[in-house]
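run-v4.pdb follows (PDB, C-alpha atoms):
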```
ATOM      1  CA  MET A   1      30.733  -3.594 -29.296
ATOM      2  CA  LEU A   2      28.130  -6.288 -28.693
ATOM      3  CA  ALA A   3      25.857  -5.822 -25.698
ATOM      4  CA  GLY A   4      23.403  -8.314 -24.314
ATOM      5  CA  TYR A   5      22.379 -10.636 -21.533
ATOM      6  CA  ARG A   6      23.071 -14.325 -21.038
ATOM      7  CA  HIS A   7      20.208 -14.943 -18.616
ATOM      8  CA  ILE A   8      17.046 -15.171 -20.715
ATOM      9  CA  ASP A   9      13.746 -15.071 -18.804
ATOM     10  CA  THR A  10      10.375 -15.797 -20.372
ATOM     11  CA  ALA A  11       7.105 -17.538 -19.501
ATOM     12  CA  GLU A  12       4.219 -19.476 -20.961
ATOM     13  CA  GLY A  13       1.990 -16.601 -19.867
ATOM     14  CA  TYR A  14       3.974 -14.025 -21.849
ATOM     15  CA  GLN A  15       3.020 -15.824 -25.071
ATOM     16  CA  ASN A  16       6.428 -15.098 -26.566
ATOM     17  CA  GLU A  17       8.374 -18.329 -26.091
ATOM     18  CA  ALA A  18       8.553 -19.047 -29.840
ATOM     19  CA  GLY A  19       9.968 -15.596 -30.530
ATOM     20  CA  VAL A  20      12.416 -15.942 -27.651
ATOM     21  CA  GLY A  21      13.538 -19.300 -29.042
ATOM     22  CA  GLN A  22      14.187 -17.739 -32.446
ATOM     23  CA  GLY A  23      16.075 -14.889 -30.780
ATOM     24  CA  ILE A  24      18.218 -17.310 -28.791
ATOM     25  CA  LYS A  25      19.152 -19.235 -31.920
ATOM     26  CA  ALA A  26      20.030 -16.068 -33.837
ATOM     27  CA  GLY A  27      21.882 -14.548 -30.889
ATOM     28  CA  LEU A  28      24.033 -17.613 -30.264
ATOM     29  CA  THR A  29      25.018 -17.701 -33.909
ATOM     30  CA  ALA A  30      25.805 -13.985 -34.062
ATOM     31  CA  ALA A  31      27.874 -14.042 -30.869
ATOM     32  CA  GLY A  32      29.608 -17.339 -31.560
ATOM     33  CA  LEU A  33      28.259 -18.858 -28.334
ATOM     34  CA  ALA A  34      27.069 -22.363 -27.478
ATOM     35  CA  ARG A  35      23.847 -23.308 -25.669
ATOM     36  CA  LYS A  36      25.827 -23.922 -22.474
ATOM     37  CA  ASP A  37      26.945 -20.282 -22.479
ATOM     38  CA  ILE A  38      23.467 -18.945 -21.672
ATOM     39  CA  PHE A  39      20.941 -19.510 -18.882
ATOM     40  CA  VAL A  40      17.314 -19.895 -19.956
ATOM     41  CA  THR A  41      14.362 -19.639 -17.588
ATOM     42  CA  THR A  42      10.712 -20.063 -18.397
ATOM     43  CA  LYS A  43       7.660 -20.247 -16.174
ATOM     44  CA  VAL A  44       4.560 -22.410 -16.350
ATOM     45  CA  TRP A  45       1.208 -20.762 -15.676
ATOM     46  CA  PRO A  46      -0.487 -22.889 -12.970
ATOM     47  CA  GLY A  47      -4.033 -21.707 -13.648
ATOM     48  CA  ASN A  48      -6.232 -19.774 -11.256
ATOM     49  CA  ALA A  49      -9.742 -20.961 -10.406
ATOM     50  CA  ALA A  50     -10.662 -17.472  -9.181
ATOM     51  CA  TRP A  51     -10.182 -16.207 -12.741
ATOM     52  CA  GLY A  52     -12.159 -19.072 -14.290
ATOM     53  CA  ASP A  53      -8.875 -20.689 -15.305
ATOM     54  CA  ALA A  54      -8.754 -24.308 -14.106
ATOM     55  CA  PRO A  55      -5.511 -25.123 -12.242
ATOM     56  CA  LYS A  56      -3.185 -27.421 -14.140
ATOM     57  CA  THR A  57      -2.925 -31.034 -13.014
ATOM     58  CA  TYR A  58       0.324 -33.016 -12.893
ATOM     59  CA  GLU A  59      -0.351 -34.116 -16.474
ATOM     60  CA  GLY A  60      -1.174 -30.548 -17.479
ATOM     61  CA  ILE A  61       2.195 -29.334 -16.244
ATOM     62  CA  MET A  62       3.943 -32.094 -18.168
ATOM     63  CA  ALA A  63       2.123 -31.116 -21.359
ATOM     64  CA  ALA A  64       2.827 -27.411 -20.831
ATOM     65  CA  PHE A  65       6.528 -28.110 -20.316
ATOM     66  CA  ALA A  66       6.766 -30.098 -23.548
ATOM     67  CA  LYS A  67       5.034 -27.268 -25.404
ATOM     68  CA  SER A  68       7.341 -24.617 -23.927
ATOM     69  CA  LEU A  69      10.490 -26.606 -24.698
ATOM     70  CA  ALA A  70       9.360 -27.101 -28.291
ATOM     71  CA  ALA A  71       8.491 -23.413 -28.697
ATOM     72  CA  LEU A  72      11.915 -22.418 -27.369
ATOM     73  CA  GLU A  73      13.569 -25.010 -29.645
ATOM     74  CA  LEU A  74      15.737 -26.220 -26.766
ATOM     75  CA  ASP A  75      16.752 -29.640 -25.480
ATOM     76  CA  TYR A  76      16.640 -28.600 -21.823
ATOM     77  CA  LEU A  77      15.914 -25.653 -19.550
ATOM     78  CA  ASP A  78      18.264 -24.187 -16.992
ATOM     79  CA  LEU A  79      15.420 -23.150 -14.688
ATOM     80  CA  TYR A  80      11.687 -23.884 -14.751
ATOM     81  CA  LEU A  81       9.367 -22.013 -12.395
ATOM     82  CA  ILE A  82       5.736 -22.201 -11.337
ATOM     83  CA  HIS A  83       4.624 -18.655 -12.136
ATOM     84  CA  ALA A  84       2.316 -18.066  -9.158
ATOM     85  CA  PRO A  85       0.858 -19.928  -6.169
ATOM     86  CA  SER A  86      -2.617 -19.986  -7.722
ATOM     87  CA  GLY A  87      -2.793 -23.741  -8.345
ATOM     88  CA  GLY A  88      -5.031 -24.287  -5.322
ATOM     89  CA  THR A  89      -5.543 -27.951  -4.516
ATOM     90  CA  GLU A  90      -3.278 -28.870  -7.452
ATOM     91  CA  ARG A  91      -0.352 -26.810  -6.177
ATOM     92  CA  LEU A  92       1.584 -29.768  -4.752
ATOM     93  CA  ASN A  93       0.844 -31.928  -7.784
ATOM     94  CA  GLU A  94       2.201 -29.158  -9.978
ATOM     95  CA  TRP A  95       5.371 -29.094  -7.916
ATOM     96  CA  ARG A  96       5.667 -32.896  -8.093
ATOM     97  CA  ALA A  97       5.619 -32.595 -11.888
ATOM     98  CA  LEU A  98       8.583 -30.191 -11.785
ATOM     99  CA  VAL A  99      10.461 -32.522  -9.440
ATOM    100  CA  ASP A 100       9.952 -35.411 -11.875
ATOM    101  CA  LEU A 101      10.974 -33.320 -14.894
ATOM    102  CA  LYS A 102      14.222 -32.437 -13.133
ATOM    103  CA  SER A 103      14.858 -36.084 -12.266
ATOM    104  CA  GLN A 104      14.423 -36.907 -15.960
ATOM    105  CA  GLY A 105      17.250 -34.484 -16.807
ATOM    106  CA  LYS A 106      15.060 -32.103 -18.778
ATOM    107  CA  ILE A 107      15.613 -29.205 -16.373
ATOM    108  CA  ARG A 108      18.785 -28.275 -14.492
ATOM    109  CA  ALA A 109      16.955 -26.502 -11.650
ATOM    110  CA  ILE A 110      13.352 -25.965 -10.575
ATOM    111  CA  GLY A 111      11.735 -23.194  -8.599
ATOM    112  CA  VAL A 112       8.722 -21.038  -7.987
ATOM    113  CA  SER A 113       7.657 -17.447  -8.485
ATOM    114  CA  ASN A 114       5.614 -15.217  -6.191
ATOM    115  CA  PHE A 115       5.413 -17.894  -3.479
ATOM    116  CA  THR A 116       5.131 -16.907   0.179
ATOM    117  CA  GLU A 117       6.658 -18.606   3.203
ATOM    118  CA  ALA A 118       3.404 -20.562   3.637
ATOM    119  CA  HIS A 119       3.444 -21.874   0.064
ATOM    120  CA  ILE A 120       7.037 -23.044   0.412
ATOM    121  CA  GLY A 121       6.240 -24.500   3.822
ATOM    122  CA  GLU A 122       3.553 -26.577   2.120
ATOM    123  CA  ILE A 123       6.222 -28.134  -0.101
ATOM    124  CA  LYS A 124       8.457 -28.751   2.902
ATOM    125  CA  ALA A 125       5.622 -30.365   4.891
ATOM    126  CA  ALA A 126       4.962 -32.753   1.996
ATOM    127  CA  GLY A 127       8.574 -33.942   2.179
ATOM    128  CA  LEU A 128       9.329 -32.769  -1.358
ATOM    129  CA  PRO A 129      12.565 -31.122  -2.527
ATOM    130  CA  LEU A 130      12.538 -27.379  -1.941
ATOM    131  CA  PRO A 131      12.693 -24.877  -4.817
ATOM    132  CA  ALA A 132      16.123 -23.685  -5.906
ATOM    133  CA  ALA A 133      14.768 -20.175  -6.444
ATOM    134  CA  ASN A 134      11.778 -17.912  -5.875
ATOM    135  CA  GLN A 135      11.332 -15.144  -8.433
ATOM    136  CA  ILE A 136       9.573 -12.222  -6.731
ATOM    137  CA  GLU A 137       9.054  -8.500  -7.179
ATOM    138  CA  LEU A 138      11.904  -6.855  -5.267
ATOM    139  CA  HIS A 139      12.945  -3.204  -5.213
ATOM    140  CA  PRO A 140      13.252  -0.516  -2.506
ATOM    141  CA  TRP A 141       9.478   0.017  -2.454
ATOM    142  CA  SER A 142       8.759  -3.720  -2.044
ATOM    143  CA  GLN A 143      11.597  -5.298  -0.071
ATOM    144  CA  LYS A 144       9.786  -8.289   1.513
ATOM    145  CA  PRO A 145      12.363  -8.653   4.327
ATOM    146  CA  ASP A 146      10.607 -11.528   6.117
ATOM    147  CA  LEU A 147      10.250 -13.559   2.929
ATOM    148  CA  VAL A 148      13.829 -12.827   1.849
ATOM    149  CA  ALA A 149      15.086 -13.955   5.274
ATOM    150  CA  TYR A 150      12.999 -17.143   5.023
ATOM    151  CA  LEU A 151      14.457 -17.879   1.600
ATOM    152  CA  ALA A 152      17.982 -17.429   2.957
ATOM    153  CA  ASP A 153      17.247 -19.743   5.891
ATOM    154  CA  ASN A 154      16.080 -22.436   3.475
ATOM    155  CA  GLY A 155      18.794 -22.092   0.851
ATOM    156  CA  ILE A 156      16.430 -20.676  -1.788
ATOM    157  CA  ALA A 157      17.833 -18.016  -4.124
ATOM    158  CA  PRO A 158      15.748 -14.841  -4.543
ATOM    159  CA  ILE A 159      15.441 -13.614  -8.131
ATOM    160  CA  ALA A 160      14.251 -10.006  -8.398
ATOM    161  CA  TYR A 161      11.871  -8.833 -11.094
ATOM    162  CA  SER A 162      10.615  -5.278 -11.686
ATOM    163  CA  SER A 163      13.723  -3.861 -10.012
ATOM    164  CA  LEU A 164      13.117  -0.479 -11.671
ATOM    165  CA  VAL A 165       9.566   0.182 -10.388
ATOM    166  CA  PRO A 166      10.574   3.426  -8.557
ATOM    167  CA  LEU A 167      11.699   5.056 -11.822
ATOM    168  CA  SER A 168       9.271   7.607 -13.255
ATOM    169  CA  THR A 169       9.918   6.030 -16.683
ATOM    170  CA  TRP A 170       9.033   2.476 -15.560
ATOM    171  CA  ARG A 171       6.316   1.239 -17.958
ATOM    172  CA  ALA A 172       5.533   4.860 -18.812
ATOM    173  CA  LYS A 173       5.598   4.250 -22.559
ATOM    174  CA  ASP A 174       4.954   0.552 -23.155
ATOM    175  CA  GLY A 175       1.289   0.601 -22.121
ATOM    176  CA  GLN A 176       1.576  -2.231 -19.599
ATOM    177  CA  GLU A 177      -0.830  -1.975 -16.698
ATOM    178  CA  SER A 178       0.276  -2.175 -13.091
ATOM    179  CA  ALA A 179      -0.942  -1.397  -9.581
ATOM    180  CA  LYS A 180       1.511   1.501  -9.220
ATOM    181  CA  THR A 181      -0.367   4.371  -7.576
ATOM    182  CA  GLU A 182      -0.433   7.984  -8.697
ATOM    183  CA  GLU A 183       1.411   8.863  -5.484
ATOM    184  CA  MET A 184       4.178   6.424  -6.400
ATOM    185  CA  LYS A 185       4.397   7.849  -9.914
ATOM    186  CA  ALA A 186       4.633  11.386  -8.543
ATOM    187  CA  ALA A 187       7.307  10.367  -6.021
ATOM    188  CA  GLY A 188       9.433   8.798  -8.748
ATOM    189  CA  ALA A 189       9.178  11.942 -10.870
ATOM    190  CA  GLU A 190      10.251  14.365  -8.133
ATOM    191  CA  ALA A 191      13.467  16.174  -8.992
ATOM    192  CA  ALA A 192      14.655  15.732  -5.410
ATOM    193  CA  SER A 193      13.701  12.060  -5.099
ATOM    194  CA  PRO A 194      16.150  10.088  -2.927
ATOM    195  CA  PHE A 195      17.121   7.793  -5.789
ATOM    196  CA  LYS A 196      18.004  10.750  -8.018
ATOM    197  CA  ALA A 197      20.085  12.229  -5.209
ATOM    198  CA  MET A 198      21.892   8.960  -4.521
ATOM    199  CA  ALA A 199      22.521   8.344  -8.220
ATOM    200  CA  ALA A 200      24.075  11.806  -8.519
ATOM    201  CA  LYS A 201      26.244  11.119  -5.476
ATOM    202  CA  TYR A 202      27.723   8.006  -7.102
ATOM    203  CA  GLY A 203      27.808   9.437 -10.618
ATOM    204  CA  VAL A 204      25.465   6.785 -12.014
ATOM    205  CA  THR A 205      21.917   6.591 -13.374
ATOM    206  CA  GLU A 206      18.886   5.894 -11.189
ATOM    207  CA  ALA A 207      18.483   2.550 -12.951
ATOM    208  CA  GLN A 208      22.069   1.612 -12.153
ATOM    209  CA  LEU A 209      21.526   2.562  -8.512
ATOM    210  CA  LEU A 210      18.387   0.406  -8.244
ATOM    211  CA  LEU A 211      20.037  -2.579  -9.932
ATOM    212  CA  ARG A 212      23.119  -2.184  -7.748
ATOM    213  CA  TRP A 213      20.883  -2.207  -4.661
ATOM    214  CA  GLY A 214      19.444  -5.568  -5.722
ATOM    215  CA  VAL A 215      22.825  -7.089  -6.511
ATOM    216  CA  GLN A 216      24.280  -5.737  -3.267
ATOM    217  CA  LYS A 217      21.403  -7.401  -1.402
ATOM    218  CA  GLY A 218      22.397 -10.683  -3.020
ATOM    219  CA  PHE A 219      19.559 -10.936  -5.558
ATOM    220  CA  ALA A 220      19.810 -12.011  -9.175
ATOM    221  CA  VAL A 221      18.151  -9.178 -11.118
ATOM    222  CA  LEU A 222      16.227  -9.193 -14.397
ATOM    223  CA  PRO A 223      16.521  -5.793 -16.114
ATOM    224  CA  LYS A 224      14.613  -5.426 -19.362
ATOM    225  CA  THR A 225      15.597  -3.162 -22.246
ATOM    226  CA  MET A 226      15.881  -3.256 -26.029
ATOM    227  CA  ASP A 227      18.416  -0.394 -26.091
ATOM    228  CA  PRO A 228      22.067  -1.565 -26.421
ATOM    229  CA  ALA A 229      23.310   1.566 -24.621
ATOM    230  CA  ARG A 230      21.017   0.846 -21.689
ATOM    231  CA  MET A 231      22.109  -2.793 -21.701
ATOM    232  CA  ARG A 232      25.686  -1.611 -21.249
ATOM    233  CA  GLU A 233      24.596   0.704 -18.427
ATOM    234  CA  ASN A 234      22.688  -2.104 -16.725
ATOM    235  CA  LEU A 235      25.765  -4.311 -16.858
ATOM    236  CA  ASP A 236      28.106  -1.567 -15.647
ATOM    237  CA  ILE A 237      27.063  -1.614 -11.989
ATOM    238  CA  PHE A 238      30.164  -3.180 -10.478
ATOM    239  CA  VAL A 239      32.325  -0.052 -10.523
ATOM    240  CA  PHE A 240      30.604   1.409  -7.453
ATOM    241  CA  ALA A 241      28.979   0.279  -4.222
ATOM    242  CA  ILE A 242      26.171   1.868  -2.227
ATOM    243  CA  ASP A 243      27.551   2.796   1.166
ATOM    244  CA  ALA A 244      26.150   1.460   4.445
ATOM    245  CA  ASN A 245      24.354   4.694   5.345
ATOM    246  CA  ASP A 246      22.529   4.797   2.028
ATOM    247  CA  MET A 247      21.643   1.097   2.271
ATOM    248  CA  ARG A 248      20.135   1.776   5.694
ATOM    249  CA  ALA A 249      18.240   4.767   4.304
ATOM    250  CA  ILE A 250      16.801   2.619   1.514
ATOM    251  CA  GLU A 251      15.575   0.096   4.093
ATOM    252  CA  THR A 252      13.191   2.796   5.411
ATOM    253  CA  MET A 253      11.562   3.239   1.980
ATOM    254  CA  ASP A 254       9.732  -0.109   1.933
ATOM    255  CA  LEU A 255       6.043   0.345   1.062
ATOM    256  CA  GLY A 256       4.980  -3.297   1.273
ATOM    257  CA  ASP A 257       3.408  -5.316  -1.514
ATOM    258  CA  GLY A 258       4.553  -5.347  -5.120
ATOM    259  CA  VAL A 259       2.785  -3.349  -7.825
ATOM    260  CA  ALA A 260       3.987  -4.894 -11.087
ATOM    261  CA  TRP A 261       0.779  -6.905 -11.570
ATOM    262  CA  PRO A 262      -2.424  -4.887 -12.149
ATOM    263  CA  SER A 263      -4.286  -7.391  -9.953
ATOM    264  CA  GLY A 264      -1.992  -6.641  -7.022
ATOM    265  CA  ASP A 265       0.824  -8.676  -5.519
ATOM    266  CA  PRO A 266       0.494 -12.212  -6.975
ATOM    267  CA  ARG A 267       1.687 -13.728  -3.690
ATOM    268  CA  HIS A 268      -1.927 -13.324  -2.606
ATOM    269  CA  LEU A 269      -3.308 -15.468  -5.456
ATOM    270  CA  GLY A 270      -2.996 -18.630  -3.406
TER     271      GLY A 270
END
```
If you convert what's in this file into structure tokens, what do you get?
Amino acid sequence: MLAGYRHIDTAEGYQNEAGVGQGIKAGLTAAGLARKDIFVTTKVWPGNAAWGDAPKTYEGIMAAFAKSLAALELDYLDLYLIHAPSGGTERLNEWRALVDLKSQGKIRAIGVSNFTEAHIGEIKAAGLPLPAANQIELHPWSQKPDLVAYLADNGIAPIAYSSLVPLSTWRAKDGQESAKTEEMKAAGAEAASPFKAMAAKYGVTEAQLLLRWGVQKGFAVLPKTMDPARMRENLDIFVFAIDANDMRAIETMDLGDGVAWPSGDPRHLG
């Protein structure tokens, strides 16, 4: 049985858009699907002056978009995001570029990633269209309740990345750096960890429990795996629901900022 995802998420900063484009083409052919049957997101890196990386101008965003679209070998994107709020004085110009690209029909929806309430408020104050989505690190250890509530109030969809951070196996073998502390790693490995206990209660894996939490909170989630069996597990999260008591218990586990980036939560880059 085929297993896979129809929401494909990549980014200029991942340096893999060409490979993703080749994979999309091969996958559509193998599965007998059309372009309209999948949802493709990529993100533009805005630059970061603090890292010696000059923020992109309006024209720079336009050029980066054309390069990404060509690398992906697509005619349009379903969603295009600004990867972080690190554009500084160019931040609004970068957003204006996305607005114009959408008006040209090259993108179905535009959004941001790692933006705070203040960054989105900046867009609102300028009288520009608001983002359709904000892709942020969301899991029980980084729940961002104030930001999530702000997004809901403004009709902006939260997209959760790094949903599986609490797992002891998260990034344990792939060598990717993060800001996850030794205390967090130890907590995730404990045999009596609350997520292990809850997963056992529902007869599911810890990963399924964490993904179900995100979906039950109303987030789109972005699980990552190359294992077909795990893909099936990640998709099979609609046969159970976390009860109200457990959802309330998870609310008490929030530790604050995200840890997926080694530099710390990227919301603080701008």
Would you write out, as a list in words, every residue that the PyMOL selection byres ((chain A and resi 136) around 10) captures in this file?
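That expression, the PyMOL selection byres ((chain A and resi 136) around 10), corresponds here to His83, Ala84, Val112, Ser113, Asn114, Phe115, Thr116, Ala133, Asn134, Gln135, Glu137, Leu138, His139, Ser142, Gln143, Lys144, Leu147, Val148, Pro158, Ile159, Ala160, Tyr161, Ser162, Ser163, Gly258, Asp265, Pro266 and Arg267 of chain A.
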Between atom CA of A:Gly23 and atom CA of A:Thr41, what is the distance in Å, rounded to a tenth?
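Separation of atom CA of A:Gly23 and atom CA of A:Thr41: 14.1 Å.
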Enumerate, as a list in words, the protein, DNA and RNA residues whose atoms approach (29.3, 3.5, -1.0) to within 12 Å, taking into account all atoms listed in the file and the coordinate frame of the file.
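Applying the cut-off with all atoms listed in the file, one gets Met198, Ala199, Lys201, Tyr202, Gly203, Leu209, Arg212, Trp213, Gln216, Phe238, Val239, Phe240, Ala241, Ile242, Asp243, Ala244, Asn245, Asp246, Met247 and Arg248 of chain A.
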Provide an axis-aligned box for all listed atoms of stretch 145-157 of chain A, padding each side by 6 Å; report its centre and its edge lengths in Å to one decimal, as lines of an AutoDock Vina configuration file.
```
center_x = 14.5
center_y = -15.5
center_z = 1.0
size_x = 20.5
size_y = 25.8
size_z = 22.2
```
Fewer than 3 positions away in the same chain doesn't count, so skip those; otherwise give me all residues within 12 Å of stretch 92-105 of chain A, counting all atoms listed in the file, as a PyMOL selection string.
chain A and resi 43-47+55-66+69+75-89+108-113+119-132
Evaluating the PyMOL selection byres ((chain A and resi 11) around 6) on the displayed file yields which residues, as a PyMOL selection string?
chain A and resi 10+12-14+42-43
Dump C-alpha atoms for the selected residues as a CSV table (one decimal), keeping the file's coordinate frame?
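In the end it all went to out15.csv:
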```
chain,number,residue,atom,x,y,z
A,10,THR,CA,10.4,-15.8,-20.4
A,12,GLU,CA,4.2,-19.5,-21.0
A,13,GLY,CA,2.0,-16.6,-19.9
A,14,TYR,CA,4.0,-14.0,-21.8
A,42,THR,CA,10.7,-20.1,-18.4
A,43,LYS,CA,7.7,-20.2,-16.2
```
Interatomic distance, atom CA of A:Lys224 to atom CA of A:Gly188 (Å, one decimal):
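Value for the atom CA of A:Lys224-atom CA of A:Gly188 distance: 18.5 Å.
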For the atom pair atom CA of A:Ser193 and atom CA of A:Pro166, what is the interatomic distance in Å to one decimal place?
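Spanning atom CA of A:Ser193 to atom CA of A:Pro166 is a straight-line distance of 9.8 Å.
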Of the candidates A:Ala50, A:Ile8, A:Ile24, A:Leu167, which one gets nearest to A:Leu269 if we count only C-alpha atoms?
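Among A:Ala50, A:Ile8, A:Ile24, A:Leu167, it is A:Ala50 that comes nearest to A:Leu269.
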When you get a chance, write out N, CA and C atoms for stretch 120-136 of chain A, as a JSON list (two decimals), keeping the file's coordinate frame.
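As written to disk, rebuild10.json reads:
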```json
[["chain", "number", "residue", "atom", "x", "y", "z"],
["A", 120, "ILE", "N", 5.82, -22.24, 0.38],
["A", 120, "ILE", "CA", 7.04, -23.04, 0.41],
["A", 120, "ILE", "C", 6.99, -24.04, 1.57],
["A", 121, "GLY", "N", 6.41, -23.60, 2.68],
["A", 121, "GLY", "CA", 6.24, -24.50, 3.82],
["A", 121, "GLY", "C", 5.37, -25.69, 3.48],
["A", 122, "GLU", "N", 4.41, -25.49, 2.59],
["A", 122, "GLU", "CA", 3.55, -26.58, 2.12],
["A", 122, "GLU", "C", 4.38, -27.64, 1.41],
["A", 123, "ILE", "N", 5.33, -27.20, 0.59],
["A", 123, "ILE", "CA", 6.22, -28.13, -0.10],
["A", 123, "ILE", "C", 7.09, -28.89, 0.90],
["A", 124, "LYS", "N", 7.60, -28.15, 1.88],
["A", 124, "LYS", "CA", 8.46, -28.75, 2.90],
["A", 124, "LYS", "C", 7.68, -29.79, 3.71],
["A", 125, "ALA", "N", 6.44, -29.46, 4.08],
["A", 125, "ALA", "CA", 5.62, -30.36, 4.89],
["A", 125, "ALA", "C", 5.30, -31.65, 4.14],
["A", 126, "ALA", "N", 5.25, -31.57, 2.81],
["A", 126, "ALA", "CA", 4.96, -32.75, 2.00],
["A", 126, "ALA", "C", 6.20, -33.63, 1.79],
["A", 127, "GLY", "N", 7.35, -33.17, 2.31],
["A", 127, "GLY", "CA", 8.57, -33.94, 2.18],
["A", 127, "GLY", "C", 9.18, -33.91, 0.78],
["A", 128, "LEU", "N", 8.82, -32.88, 0.01],
["A", 128, "LEU", "CA", 9.33, -32.77, -1.36],
["A", 128, "LEU", "C", 10.56, -31.86, -1.39],
["A", 129, "PRO", "N", 11.41, -32.01, -2.40],
["A", 129, "PRO", "CA", 12.56, -31.12, -2.53],
["A", 129, "PRO", "C", 12.12, -29.66, -2.59],
["A", 130, "LEU", "N", 12.88, -28.80, -1.95],
["A", 130, "LEU", "CA", 12.54, -27.38, -1.94],
["A", 130, "LEU", "C", 12.95, -26.71, -3.26],
["A", 131, "PRO", "N", 12.30, -25.61, -3.61],
["A", 131, "PRO", "CA", 12.69, -24.88, -4.82],
["A", 131, "PRO", "C", 14.13, -24.37, -4.72],
["A", 132, "ALA", "N", 14.78, -24.28, -5.86],
["A", 132, "ALA", "CA", 16.12, -23.68, -5.91],
["A", 132, "ALA", "C", 16.03, -22.17, -5.87],
["A", 133, "ALA", "N", 14.90, -21.63, -6.34],
["A", 133, "ALA", "CA", 14.77, -20.18, -6.44],
["A", 133, "ALA", "C", 13.30, -19.77, -6.30],
["A", 134, "ASN", "N", 13.11, -18.53, -5.91],
["A", 134, "ASN", "CA", 11.78, -17.91, -5.88],
["A", 134, "ASN", "C", 11.90, -16.55, -6.54],
["A", 135, "GLN", "N", 11.27, -16.41, -7.70],
["A", 135, "GLN", "CA", 11.33, -15.14, -8.43],
["A", 135, "GLN", "C", 10.20, -14.25, -7.94],
["A", 136, "ILE", "N", 10.56, -13.10, -7.36],
["A", 136, "ILE", "CA", 9.57, -12.22, -6.73],
["A", 136, "ILE", "C", 9.87, -10.77, -7.08]]
```
